[in-house]
$ cat protein.csv   # CSV, C-alpha atoms
chain,number,residue,atom,x,y,z
A,1,MET,CA,-4.3,21.9,-5.8
A,2,VAL,CA,-5.3,24.6,-3.3
A,3,LYS,CA,-9.0,23.9,-3.8
A,4,PHE,CA,-8.4,20.2,-3.1
A,5,MET,CA,-6.3,21.1,0.0
A,6,GLU,CA,-9.2,23.3,1.2
A,7,GLN,CA,-11.7,20.5,0.4
A,8,ILE,CA,-9.8,18.1,2.6
A,9,ARG,CA,-9.8,20.4,5.6
A,10,GLY,CA,-13.6,20.7,5.4
A,11,LYS,CA,-16.2,23.4,5.7
A,12,ASN,CA,-16.3,24.0,9.5
A,13,ILE,CA,-15.1,26.3,12.2
A,14,ASP,CA,-11.5,25.4,11.2
A,15,SER,CA,-11.9,25.6,7.4
A,16,VAL,CA,-9.0,27.4,5.8
A,17,LYS,CA,-8.3,29.3,2.5
A,18,PHE,CA,-5.1,28.9,0.5
A,19,ASN,CA,-3.7,31.4,-1.9
A,20,PRO,CA,-2.3,29.7,-5.0
A,21,GLU,CA,0.5,32.4,-5.1
A,22,ASN,CA,1.9,30.9,-1.9
A,23,LEU,CA,2.1,27.3,-3.2
A,24,VAL,CA,5.2,25.7,-4.5
A,25,LEU,CA,5.0,22.2,-6.2
A,26,THR,CA,7.8,19.7,-5.4
A,27,ALA,CA,8.5,16.1,-6.3
A,28,GLY,CA,6.7,14.6,-3.4
A,29,ALA,CA,6.7,15.4,0.4
A,30,THR,CA,10.2,14.1,0.7
A,31,SER,CA,11.5,16.9,-1.6
A,32,ALA,CA,9.2,19.4,0.1
A,33,ASN,CA,10.5,18.7,3.6
A,34,GLU,CA,14.1,18.8,2.5
A,35,THR,CA,13.5,22.1,0.7
A,36,MET,CA,11.9,23.6,3.8
A,37,ILE,CA,15.0,22.7,5.8
A,38,PHE,CA,17.3,24.2,3.2
A,39,CYS,CA,15.2,27.4,3.2
A,40,LEU,CA,15.1,27.8,7.0
A,41,ALA,CA,18.3,26.4,8.5
A,42,ASN,CA,22.0,26.4,8.0
A,43,PRO,CA,24.1,23.2,8.4
A,44,GLY,CA,24.5,22.5,12.1
A,45,GLU,CA,21.2,24.1,13.1
A,46,ALA,CA,18.4,22.0,14.5
A,47,PHE,CA,14.7,21.2,14.3
A,48,LEU,CA,12.6,19.8,17.2
A,49,VAL,CA,10.6,16.8,16.2
A,50,PRO,CA,8.1,14.9,18.4
A,51,THR,CA,8.7,11.2,18.9
A,52,PRO,CA,7.9,8.7,17.6
A,53,TYR,CA,8.4,10.1,14.1
A,54,TYR,CA,8.6,8.9,10.5
A,55,PRO,CA,12.0,7.1,10.2
A,56,GLY,CA,12.6,8.8,6.8
A,57,PHE,CA,13.0,12.1,8.5
A,58,ASP,CA,16.5,11.1,9.5
A,59,ARG,CA,17.3,11.0,5.7
A,60,ASP,CA,15.0,13.8,4.4
A,61,LEU,CA,15.8,16.4,7.0
A,62,LYS,CA,19.5,15.7,7.7
A,63,TRP,CA,21.5,14.0,5.0
A,64,ARG,CA,22.0,16.8,2.5
A,65,THR,CA,21.0,19.8,4.6
A,66,GLY,CA,23.4,19.2,7.4
A,67,ALA,CA,20.7,20.0,9.9
A,68,GLU,CA,20.1,18.1,13.2
A,69,ILE,CA,17.0,16.6,14.7
A,70,ILE,CA,16.3,17.0,18.5
A,71,PRO,CA,13.6,14.7,19.7
A,72,ILE,CA,10.6,16.0,21.7
A,73,ASN,CA,10.2,12.8,23.7
A,74,CYS,CA,6.5,11.9,24.0
A,75,THR,CA,5.3,9.0,26.1
A,76,SER,CA,2.5,6.5,26.3
A,77,SER,CA,1.4,7.9,29.7
A,78,ASN,CA,-0.7,10.5,27.8
A,79,GLY,CA,-1.1,8.8,24.5
A,80,PHE,CA,2.1,10.3,23.1
A,81,ARG,CA,0.8,13.8,23.2
A,82,ILE,CA,3.1,16.8,23.0
A,83,THR,CA,3.5,18.6,26.3
A,84,LYS,CA,5.1,21.9,27.3
A,85,SER,CA,7.6,20.1,29.5
A,86,ALA,CA,8.7,17.9,26.6
A,87,LEU,CA,9.1,20.9,24.4
A,88,ASP,CA,11.1,22.8,27.0
A,89,GLU,CA,13.3,19.7,27.6
A,90,ALA,CA,14.0,19.3,23.9
A,91,TYR,CA,14.9,23.0,23.6
A,92,SER,CA,17.2,22.8,26.7
A,93,LEU,CA,18.9,19.8,25.2
A,94,SER,CA,19.6,21.7,22.0
A,95,GLN,CA,21.1,24.5,24.0
A,96,LYS,CA,23.4,22.2,25.9
A,97,ARG,CA,24.6,20.7,22.6
A,98,GLY,CA,25.2,24.2,21.3
A,99,LEU,CA,22.6,23.9,18.5
A,100,LYS,CA,20.6,26.8,17.3
A,101,VAL,CA,16.9,25.8,17.0
A,102,LYS,CA,15.3,27.0,13.8
A,103,GLY,CA,11.9,25.3,14.1
A,104,VAL,CA,9.6,22.5,15.1
A,105,LEU,CA,8.4,19.9,12.6
A,106,VAL,CA,5.3,17.8,13.2
A,107,THR,CA,3.3,15.3,11.1
A,108,ASN,CA,-0.4,16.0,11.4
A,109,PRO,CA,-2.0,13.4,11.3
A,110,SER,CA,0.9,11.6,12.9
A,111,ASN,CA,3.0,9.0,11.2
A,112,PRO,CA,3.3,6.5,13.0
A,113,LEU,CA,0.7,7.2,15.6
A,114,GLY,CA,-2.3,7.6,13.4
A,115,THR,CA,-3.6,10.5,15.6
A,116,THR,CA,-4.4,14.2,14.8
A,117,LEU,CA,-3.0,17.1,16.8
A,118,THR,CA,-5.4,18.5,19.3
A,119,ARG,CA,-6.3,22.2,19.4
A,120,HIS,CA,-4.4,22.4,22.7
A,121,GLU,CA,-1.2,20.9,21.1
A,122,LEU,CA,-1.4,23.3,18.2
A,123,HIS,CA,-1.8,26.3,20.4
A,124,LEU,CA,1.0,25.0,22.6
A,125,LEU,CA,3.3,24.8,19.5
A,126,LEU,CA,2.2,28.2,18.2
A,127,THR,CA,2.8,29.8,21.6
A,128,PHE,CA,6.2,28.2,21.8
A,129,ILE,CA,7.4,29.5,18.4
A,130,SER,CA,5.9,32.9,19.0
A,131,SER,CA,7.9,33.2,22.2
A,132,MET,CA,11.1,32.7,20.3
A,133,ASP,CA,12.8,34.8,17.6
A,134,HIS,CA,13.0,33.3,14.1
A,135,ILE,CA,11.6,29.9,15.1
A,136,HIS,CA,9.3,28.3,12.6
A,137,LEU,CA,6.6,25.5,12.6
A,138,ILE,CA,6.5,23.0,9.7
A,139,SER,CA,3.4,20.9,9.6
A,140,ASP,CA,3.6,17.8,7.4
A,141,GLU,CA,0.0,17.1,6.5
A,142,ILE,CA,0.4,14.4,4.0
A,143,TYR,CA,-2.3,12.3,5.7
A,144,ALA,CA,-4.8,15.1,6.0
A,145,GLY,CA,-7.4,13.3,3.9
A,146,THR,CA,-7.3,10.1,5.8
A,147,VAL,CA,-9.0,11.3,9.0
A,148,PHE,CA,-11.8,8.7,9.3
A,149,ASP,CA,-13.0,9.2,12.9
A,150,SER,CA,-13.4,11.9,15.5
A,151,PRO,CA,-11.9,14.2,16.5
A,152,SER,CA,-11.9,16.1,13.2
A,153,PHE,CA,-8.7,17.3,11.6
A,154,ILE,CA,-7.3,20.8,12.6
A,155,SER,CA,-4.7,22.1,10.2
A,156,ALA,CA,-1.8,24.2,11.3
A,157,ALA,CA,-3.0,26.6,8.7
A,158,MET,CA,-5.8,27.4,11.2
A,159,ASP,CA,-8.5,29.9,10.2
A,160,GLU,CA,-8.3,33.5,8.9
A,161,LYS,CA,-9.6,35.0,12.2
A,162,TYR,CA,-6.7,33.5,14.1
A,163,TRP,CA,-4.1,34.9,11.7
A,164,LYS,CA,-5.6,38.4,11.6
A,165,ALA,CA,-4.9,38.5,15.4
A,166,ASN,CA,-1.4,37.1,14.8
A,167,PRO,CA,-0.1,38.4,11.5
A,168,GLU,CA,3.7,38.1,12.2
A,169,LEU,CA,3.3,34.5,13.4
A,170,HIS,CA,1.4,33.7,10.1
A,171,GLN,CA,4.7,33.9,8.1
A,172,ARG,CA,6.4,31.4,10.4
A,173,VAL,CA,3.9,28.5,9.9
A,174,HIS,CA,4.4,26.4,6.8
A,175,ILE,CA,2.5,23.4,5.4
A,176,VAL,CA,3.9,20.4,3.6
A,177,TYR,CA,1.5,18.3,1.6
A,178,SER,CA,1.4,15.5,-1.0
A,179,LEU,CA,-1.1,13.5,-3.0
A,180,SER,CA,0.8,10.2,-2.3
A,181,LYS,CA,-1.4,9.1,0.6
A,182,ASP,CA,-4.7,10.8,0.2
A,183,LEU,CA,-5.1,9.8,-3.4
A,184,GLY,CA,-2.8,6.7,-3.4
A,185,LEU,CA,-0.5,8.3,-5.9
A,186,PRO,CA,3.1,7.9,-4.5
A,187,GLY,CA,4.6,7.1,-7.9
A,188,PHE,CA,3.4,10.5,-9.3
A,189,ARG,CA,5.7,12.3,-6.9
A,190,VAL,CA,3.5,15.4,-6.4
A,191,GLY,CA,4.1,17.4,-3.3
A,192,ALA,CA,3.7,21.0,-2.2
A,193,ILE,CA,4.9,23.7,0.1
A,194,TYR,CA,2.5,26.3,1.3
A,195,SER,CA,3.9,29.4,3.1
A,196,ASN,CA,2.8,32.9,3.8
A,197,ASP,CA,6.5,34.1,3.9
A,198,PRO,CA,7.4,35.6,0.5
A,199,ALA,CA,11.1,34.8,1.1
A,200,VAL,CA,10.4,31.2,1.7
A,201,VAL,CA,8.1,30.9,-1.3
A,202,ALA,CA,10.8,32.6,-3.5
A,203,ALA,CA,13.6,30.4,-2.3
A,204,ALA,CA,11.5,27.2,-2.5
A,205,THR,CA,10.5,28.1,-6.0
A,206,LYS,CA,14.1,28.4,-7.1
A,207,MET,CA,15.0,25.1,-5.4
A,208,SER,CA,12.0,23.3,-6.9
A,209,SER,CA,14.1,23.2,-10.1
A,210,PHE,CA,15.9,20.2,-8.6
A,211,GLY,CA,12.7,18.3,-8.1
A,212,LEU,CA,10.1,19.3,-10.7
A,213,VAL,CA,6.7,17.8,-11.3
A,214,SER,CA,6.4,16.9,-15.0
A,215,SER,CA,4.0,19.0,-17.1
A,216,GLN,CA,2.2,15.8,-18.2
A,217,THR,CA,1.6,14.9,-14.5
A,218,GLN,CA,0.4,18.4,-13.7
A,219,TYR,CA,-2.0,18.3,-16.7
A,220,LEU,CA,-3.5,15.0,-15.7
A,221,LEU,CA,-3.9,15.9,-12.0
A,222,SER,CA,-5.4,19.3,-12.9
A,223,ALA,CA,-8.2,17.5,-14.7
A,224,MET,CA,-8.7,15.1,-11.9
A,225,LEU,CA,-8.7,17.6,-9.1
A,226,SER,CA,-10.9,20.0,-11.0
A,227,ASP,CA,-13.7,17.4,-10.7
A,228,SER,CA,-14.9,18.4,-7.2
A,229,LYS,CA,-17.7,15.8,-7.2
A,230,PHE,CA,-15.3,13.0,-7.9
A,231,THR,CA,-12.8,14.1,-5.2
A,232,GLU,CA,-15.5,14.6,-2.7
A,233,SER,CA,-17.0,11.1,-3.3
A,234,TYR,CA,-13.5,9.6,-3.3
A,235,LEU,CA,-12.6,11.1,0.0
A,236,VAL,CA,-15.8,10.0,1.6
A,237,GLU,CA,-15.5,6.5,0.4
A,238,ASN,CA,-11.8,6.2,1.2
A,239,LYS,CA,-12.4,7.3,4.8
A,240,LYS,CA,-15.2,4.9,5.1
A,241,ARG,CA,-13.1,2.0,3.9
A,242,LEU,CA,-10.2,3.0,6.1
A,243,LYS,CA,-12.3,3.0,9.2
A,244,GLN,CA,-13.8,-0.4,8.3
A,245,ARG,CA,-10.4,-1.8,7.7
A,246,ARG,CA,-8.9,-0.3,10.9
A,247,ASP,CA,-11.8,-1.7,13.0
A,248,LYS,CA,-11.3,-5.2,11.5
A,249,PHE,CA,-7.6,-5.0,12.2
A,250,VAL,CA,-8.0,-3.7,15.8
A,251,SER,CA,-10.6,-6.4,16.6
A,252,GLY,CA,-8.3,-9.1,15.2
A,253,LEU,CA,-5.4,-7.9,17.4
A,254,GLU,CA,-7.7,-7.8,20.4
A,255,ARG,CA,-8.6,-11.4,19.9
A,256,ALA,CA,-4.9,-12.1,20.2
A,257,GLY,CA,-4.7,-10.0,23.4
A,258,ILE,CA,-2.9,-7.1,21.7
A,259,ARG,CA,-4.0,-3.5,21.9
A,260,CYS,CA,-3.4,-0.4,19.8
A,261,LEU,CA,-3.2,3.3,20.5
A,262,LYS,CA,-6.6,4.9,19.9
A,263,ALA,CA,-6.3,6.5,16.4
A,264,ASN,CA,-8.5,8.4,14.1
A,265,ALA,CA,-6.4,8.8,10.9
A,266,GLY,CA,-3.7,7.3,8.7
A,267,LEU,CA,-3.1,3.9,7.1
A,268,PHE,CA,-1.5,2.2,10.1
A,269,CYS,CA,-1.8,1.5,13.8
A,270,TRP,CA,0.6,2.0,16.7
A,271,VAL,CA,0.5,-1.4,18.2
A,272,ASP,CA,1.4,-2.1,21.9
A,273,MET,CA,3.3,-5.4,22.2
A,274,ARG,CA,5.2,-4.5,25.4
A,275,HIS,CA,3.7,-7.5,27.2
A,276,LEU,CA,5.3,-9.8,24.6
A,277,LEU,CA,8.8,-8.6,25.4
A,278,THR,CA,11.2,-10.8,27.4
A,279,SER,CA,12.5,-7.6,29.1
A,280,THR,CA,11.8,-3.9,29.0
A,281,THR,CA,14.7,-3.2,26.6
A,282,PHE,CA,15.2,-2.3,23.0
A,283,GLU,CA,17.2,-5.4,22.6
A,284,ALA,CA,14.1,-7.4,23.5
A,285,GLU,CA,12.1,-5.3,21.1
A,286,MET,CA,14.5,-6.2,18.2
A,287,GLU,CA,14.3,-9.9,19.3
A,288,LEU,CA,10.5,-9.9,19.1
A,289,TRP,CA,10.6,-8.0,15.8
A,290,MET,CA,13.0,-10.6,14.3
A,291,LYS,CA,10.6,-13.4,15.4
A,292,ILE,CA,7.6,-11.6,13.8
A,293,VAL,CA,9.6,-11.0,10.5
A,294,TYR,CA,11.3,-14.4,10.2
A,295,GLN,CA,8.9,-16.8,11.9
A,296,VAL,CA,5.5,-15.2,11.6
A,297,ARG,CA,6.5,-13.7,8.3
A,298,LEU,CA,4.9,-10.3,8.8
A,299,ASN,CA,6.9,-7.2,7.9
A,300,ILE,CA,6.2,-4.5,10.5
A,301,SER,CA,8.2,-1.6,11.8
A,302,PRO,CA,9.7,-1.6,15.3
A,303,GLY,CA,9.1,1.5,17.4
A,304,SER,CA,12.9,2.1,17.9
A,305,SER,CA,13.1,2.8,14.1
A,306,CYS,CA,10.7,5.7,14.8
A,307,HIS,CA,12.8,6.8,17.8
A,308,CYS,CA,10.1,5.8,20.3
A,309,SER,CA,11.5,6.3,23.8
A,310,GLU,CA,9.7,3.1,25.1
A,311,PRO,CA,10.4,-0.4,23.8
A,312,GLY,CA,7.6,-2.6,22.7
A,313,TRP,CA,5.6,-0.5,20.3
A,314,PHE,CA,5.3,-1.3,16.6
A,315,ARG,CA,3.9,0.4,13.5
A,316,VAL,CA,1.7,-1.9,11.5
A,317,CYS,CA,0.0,-0.9,8.2
A,318,PHE,CA,-3.5,-2.3,7.5
A,319,ALA,CA,-4.4,-0.5,4.3
A,320,ASN,CA,-2.0,-2.1,1.8
A,321,MET,CA,-3.6,-5.5,1.4
A,322,SER,CA,-6.8,-7.3,0.6
A,323,GLU,CA,-9.3,-8.4,3.3
A,324,GLN,CA,-8.3,-12.0,2.8
A,325,THR,CA,-4.6,-11.2,3.3
A,326,LEU,CA,-5.5,-9.2,6.4
A,327,ALA,CA,-7.4,-12.2,7.8
A,328,PHE,CA,-4.3,-14.4,7.1
A,329,ALA,CA,-2.1,-11.9,8.9
A,330,MET,CA,-4.4,-11.8,12.0
A,331,GLN,CA,-4.5,-15.6,12.2
A,332,ARG,CA,-0.7,-15.7,12.1
A,333,ILE,CA,-0.5,-13.2,15.0
A,334,GLU,CA,-3.0,-15.1,17.0
A,335,ASP,CA,-1.1,-18.3,16.5
A,336,PHE,CA,2.2,-16.6,17.4
A,337,VAL,CA,0.8,-15.2,20.6
A,338,ALA,CA,-0.6,-18.6,21.5
A,339,SER,CA,2.8,-20.2,20.9
A,340,LEU,CA,4.1,-17.9,23.6
A,341,GLY,CA,1.5,-19.2,26.0
A,342,LEU,CA,-0.2,-15.8,26.1
A,343,GLY,CA,-3.3,-16.4,24.0
A,344,THR,CA,-5.3,-18.9,22.0
A,345,GLY,CA,-4.3,-19.7,18.4
A,346,GLY,CA,-5.9,-21.3,15.5
A,347,SER,CA,-4.6,-23.5,12.7
A,348,CYS,CA,-1.0,-24.1,11.8
A,349,MET,CA,1.7,-22.7,14.1
A,350,VAL,CA,4.4,-20.6,12.4
A,351,ILE,CA,7.1,-22.5,14.2
A,352,GLY,CA,7.8,-26.2,14.4
A,353,ASN,CA,7.1,-28.6,11.6
A,354,CYS,CA,4.8,-26.3,9.5
A,355,SER,CA,6.1,-25.0,6.2
A,356,PRO,CA,7.1,-21.3,6.4
A,357,PRO,CA,4.2,-19.1,5.2
A,358,ALA,CA,4.6,-16.5,2.5
A,359,PRO,CA,5.6,-13.1,3.8
A,360,ILE,CA,3.0,-10.4,4.3
A,361,PHE,CA,4.2,-6.8,3.9
A,362,MET,CA,2.7,-4.6,6.7
A,363,GLY,CA,5.4,-1.9,6.6
A,364,PHE,CA,4.6,1.1,4.4
A,365,SER,CA,1.3,1.3,2.5
A,366,SER,CA,-0.5,3.3,-0.1
A,367,ILE,CA,-4.3,2.7,-0.5
A,368,ILE,CA,-6.9,0.1,0.3
A,369,PRO,CA,-7.4,-2.3,-2.7
$ encode --input "protein.csv" --output "structure tokens"
Amino acid sequence: MVKFMEQIRGKNIDSVKFNPENLVLTAGATSANETMIFCLANPGEAFLVPTPYYPGFDRDLKWRTGAEIIPINCTSSNGFRITKSALDEAYSLSQKRGLKVKGVLVTNPSNPLGTTLTRHELHLLLTFISSMDHIHLISDEIYAGTVFDSPSFISAAMDEKYWKANPELHQRVHIVYSLSKDLGLPGFRVGAIYSNDPAVVAAATKMSSFGLVSSQTQYLLSAMLSDSKFTESYLVENKKRLKQRRDKFVSGLERAGIRCLKANAGLFCWVDMRHLLTSTTFEAEMELWMKIVYQVRLNISPGSSCHCSEPGWFRVCFANMSEQTLAFAMQRIEDFVASLGLGTGGSCMVIGNCSPPAPIFMGFSSIIP
């Protein structure tokens, strides 16, 4: 597993080494994230999480742990990048609410943005946690192997030279990973926690008893991941197909007059439909979402479900369908926009006298067919 994690992060200036003694297997990233919260926080304590974020975090990080999430509100003005002012505002909000902050949790690459953290953002986060006592950084890197375009991926694990200069900080940075996205194996439920803190590794190892990976699964994956030639060719081909599919999806949206946030990773796009809203409100966003789901018959995720602070953004997956199905989906979007008088459509309109089309699921995804 650690060799595969190293392989994904590449052989470059930011290549990292992982010690297998610091790795704890879990039943998927969901279990890994929850275990990390149990290890680091008590009920009523908080983690800062940049918005928009994966909706499942409201369940994974809070339900059983009793922890709280304080949003780091990122905006479209700078491409939803993390800023020092947003970090400081989130921390101040936690203080006003009387919540003790135990850490920052990020997804890198981001779900739902499909972007990787910049070196500046990583250093900003590391500077922030180093300035505080007992605050940790958890980096959920479940999409690390999907980076198909520049800039390249920079893991929060960084490189050995950085940690030699910051040994104390090293124990407060933790990596969560899973094979669900990079290998398209969500049903196998194989996740991992990597930490340089012996206390975290010991506690997570004990808690992993509540979410074990079966010995049969471990045996199968050990054989698969040991074949470095296969994993290398797989990663290269998967990234190539992801980029091709993303480009087709984006060009299809552009024909309908819709743009996306510029992305370089992931299985989805962060789509800007603000111009289709009847008003700049989350009520208008839900109204548009209902039309897209029930009239256009496309299942996408509204930005409000990801705690986006701006109405009109949507998370749309492009990697969980055939090229033919993607073409159908793009045509439906073009027709819908045309029906609003905002673009040119093609064949059958989704509303009116046409028969309702079959639904196309563009919510959560696994791997390109």
$ residues_around --input "protein.csv" --residues "Cys308 of chain A" --least-positions-apart "6" --cutoff "12 Å" --atoms "only C-alpha atoms" --output "PDB file with C-alpha atoms, keeping the file's coordinate frame"
ATOM      1  CA  VAL A  49      10.600  16.800  16.200  1.00  0.00           C
ATOM      2  CA  PRO A  50       8.100  14.900  18.400  1.00  0.00           C
ATOM      3  CA  THR A  51       8.700  11.200  18.900  1.00  0.00           C
ATOM      4  CA  PRO A  52       7.900   8.700  17.600  1.00  0.00           C
ATOM      5  CA  TYR A  53       8.400  10.100  14.100  1.00  0.00           C
ATOM      6  CA  TYR A  54       8.600   8.900  10.500  1.00  0.00           C
ATOM      7  CA  PRO A  55      12.000   7.100  10.200  1.00  0.00           C
ATOM      8  CA  PRO A  71      13.600  14.700  19.700  1.00  0.00           C
ATOM      9  CA  ILE A  72      10.600  16.000  21.700  1.00  0.00           C
ATOM     10  CA  ASN A  73      10.200  12.800  23.700  1.00  0.00           C
ATOM     11  CA  CYS A  74       6.500  11.900  24.000  1.00  0.00           C
ATOM     12  CA  THR A  75       5.300   9.000  26.100  1.00  0.00           C
ATOM     13  CA  SER A  76       2.500   6.500  26.300  1.00  0.00           C
ATOM     14  CA  PHE A  80       2.100  10.300  23.100  1.00  0.00           C
ATOM     15  CA  ASN A 111       3.000   9.000  11.200  1.00  0.00           C
ATOM     16  CA  PRO A 112       3.300   6.500  13.000  1.00  0.00           C
ATOM     17  CA  LEU A 113       0.700   7.200  15.600  1.00  0.00           C
ATOM     18  CA  TRP A 270       0.600   2.000  16.700  1.00  0.00           C
ATOM     19  CA  ASP A 272       1.400  -2.100  21.900  1.00  0.00           C
ATOM     20  CA  THR A 281      14.700  -3.200  26.600  1.00  0.00           C
ATOM     21  CA  PHE A 282      15.200  -2.300  23.000  1.00  0.00           C
ATOM     22  CA  GLU A 285      12.100  -5.300  21.100  1.00  0.00           C
ATOM     23  CA  SER A 301       8.200  -1.600  11.800  1.00  0.00           C
ATOM     24  CA  PRO A 302       9.700  -1.600  15.300  1.00  0.00           C
ATOM     25  CA  PHE A 314       5.300  -1.300  16.600  1.00  0.00           C
ATOM     26  CA  ARG A 315       3.900   0.400  13.500  1.00  0.00           C
TER      27      ARG A 315
END
$ residues_around --input "protein.csv" --residues "Glu21 of chain A" --least-positions-apart "4" --cutoff "10 Å" --atoms "all atoms listed in the file" --output "list in words"
Val2, Tyr194, Ser195, Asn196, Pro198 and Val201 of chain A
$ closest_residue --input "protein.csv" --among "A:Leu93, A:Leu87, A:Leu183, A:Gly103" --to "Glu45 of chain A" --atoms "all atoms listed in the file"
A:Gly103
$ atom_distance --input "protein.csv" --atom1 "atom CA of Val173 of chain A" --atom2 "atom CA of Ser226 of chain A"
27.0 Å
$ closest_residue --input "protein.csv" --among "A:Gly252, A:Pro20, A:Gly191, A:Gly257" --to "Glu141 of chain A" --atoms "only C-alpha atoms"
A:Gly191
$ atom_distance --input "protein.csv" --atom1 "atom CA of Ile70 of chain A" --atom2 "atom CA of Gly303 of chain A"
17.1 Å
$ residues_around --input "protein.csv" --residues "Lys262 of chain A" --least-positions-apart "2" --cutoff "12 Å" --atoms "only C-alpha atoms" --output "list in words"
Ser76, Asn78, Gly79, Phe80, Leu113, Gly114, Thr115, Thr116, Asp149, Ser150, Pro151, Arg246, Asp247, Val250, Arg259, Cys260, Asn264, Ala265, Gly266, Phe268, Cys269, Trp270, Val271 and Asp272 of chain A
$ write_last_selection --input "protein.csv" --atoms "C-alpha atoms" --output "short mmCIF file (atom, residue, chain, number, x, y, z; two decimals), keeping the file's coordinate frame"
data_model
loop_
_atom_site.label_atom_id
_atom_site.label_comp_id
_atom_site.auth_asym_id
_atom_site.auth_seq_id
_atom_site.Cartn_x
_atom_site.Cartn_y
_atom_site.Cartn_z
CA SER A 76 2.50 6.50 26.30
CA ASN A 78 -0.70 10.50 27.80
CA GLY A 79 -1.10 8.80 24.50
CA PHE A 80 2.10 10.30 23.10
CA LEU A 113 0.70 7.20 15.60
CA GLY A 114 -2.30 7.60 13.40
CA THR A 115 -3.60 10.50 15.60
CA THR A 116 -4.40 14.20 14.80
CA ASP A 149 -13.00 9.20 12.90
CA SER A 150 -13.40 11.90 15.50
CA PRO A 151 -11.90 14.20 16.50
CA ARG A 246 -8.90 -0.30 10.90
CA ASP A 247 -11.80 -1.70 13.00
CA VAL A 250 -8.00 -3.70 15.80
CA ARG A 259 -4.00 -3.50 21.90
CA CYS A 260 -3.40 -0.40 19.80
CA ASN A 264 -8.50 8.40 14.10
CA ALA A 265 -6.40 8.80 10.90
CA GLY A 266 -3.70 7.30 8.70
CA PHE A 268 -1.50 2.20 10.10
CA CYS A 269 -1.80 1.50 13.80
CA TRP A 270 0.60 2.00 16.70
CA VAL A 271 0.50 -1.40 18.20
CA ASP A 272 1.40 -2.10 21.90
#
$ residues_near_point --input "protein.csv" --point "(-3.1, -9.3, 9.8)" --cutoff "10 Å" --atoms "all atoms listed in the file" --output "list in words"
Lys248, Phe249, Val250, Gly252, Leu253, Leu298, Val316, Cys317, Phe318, Met321, Glu323, Gln324, Thr325, Leu326, Ala327, Phe328, Ala329, Met330, Gln331, Arg332, Ile333, Glu334, Ile360, Phe361 and Met362 of chain A
$ write_last_selection --input "protein.csv" --atoms "C-alpha atoms" --output "compact mmCIF listing (two decimals), in the frame of the given file"
# COMPACT_ATOMS: atom_id res chain seq x y z
CA LYS A 248 -11.30 -5.20 11.50
CA PHE A 249 -7.60 -5.00 12.20
CA VAL A 250 -8.00 -3.70 15.80
CA GLY A 252 -8.30 -9.10 15.20
CA LEU A 253 -5.40 -7.90 17.40
CA LEU A 298 4.90 -10.30 8.80
CA VAL A 316 1.70 -1.90 11.50
CA CYS A 317 0.00 -0.90 8.20
CA PHE A 318 -3.50 -2.30 7.50
CA MET A 321 -3.60 -5.50 1.40
CA GLU A 323 -9.30 -8.40 3.30
CA GLN A 324 -8.30 -12.00 2.80
CA THR A 325 -4.60 -11.20 3.30
CA LEU A 326 -5.50 -9.20 6.40
CA ALA A 327 -7.40 -12.20 7.80
CA PHE A 328 -4.30 -14.40 7.10
CA ALA A 329 -2.10 -11.90 8.90
CA MET A 330 -4.40 -11.80 12.00
CA GLN A 331 -4.50 -15.60 12.20
CA ARG A 332 -0.70 -15.70 12.10
CA ILE A 333 -0.50 -13.20 15.00
CA GLU A 334 -3.00 -15.10 17.00
CA ILE A 360 3.00 -10.40 4.30
CA PHE A 361 4.20 -6.80 3.90
CA MET A 362 2.70 -4.60 6.70
$ closest_residue --input "protein.csv" --among "A:Leu261, A:Ala144, A:Leu212, A:Met224" --to "Lys181 of chain A" --atoms "all atoms listed in the file"
A:Ala144
$ residues_around --input "protein.csv" --residues "Thr217 of chain A" --least-positions-apart "4" --cutoff "10 Å" --atoms "all atoms listed in the file" --output "list in words"
Phe188, Arg189, Val190, Val213, Leu221 and Ser222 of chain A
$ atom_distance --input "protein.csv" --atom1 "atom CA of Thr30 of chain A" --atom2 "atom CA of Lys3 of chain A"
22.0 Å
$ closest_residue --input "protein.csv" --among "A:Ser279, A:Met273, A:Glu121, A:Val293" --to "Gly312 of chain A" --atoms "all atoms listed in the file"
A:Met273
$ residues_around --input "protein.csv" --residues "segment 155-167 of chain A" --least-positions-apart "3" --cutoff "8 Å" --atoms "only C-alpha atoms" --output "list in words"
Arg9, Ile13, Asp14, Ser15, Val16, Lys17, Asn108, Leu122, Ser139, Glu141, His170, Gln171, Val173, His174 and Ile175 of chain A
$ closest_residue --input "protein.csv" --among "A:Leu23, A:Ile8, A:Val337, A:Leu105" --to "Lys239 of chain A" --atoms "only C-alpha atoms"
A:Ile8
$ axis_aligned_box --input "protein.csv" --around "segment 220-232 of chain A" --padding-each-side "4 Å" --output "lines of an AutoDock Vina configuration file"
center_x = -10.6
center_y = 16.5
center_z = -9.2
size_x = 22.2
size_y = 15.0
size_z = 21.0
$ closest_residue --input "protein.csv" --among "A:Asn42, A:Ser209, A:Thr146, A:Ser77" --to "Leu267 of chain A" --atoms "all atoms listed in the file"
A:Thr146
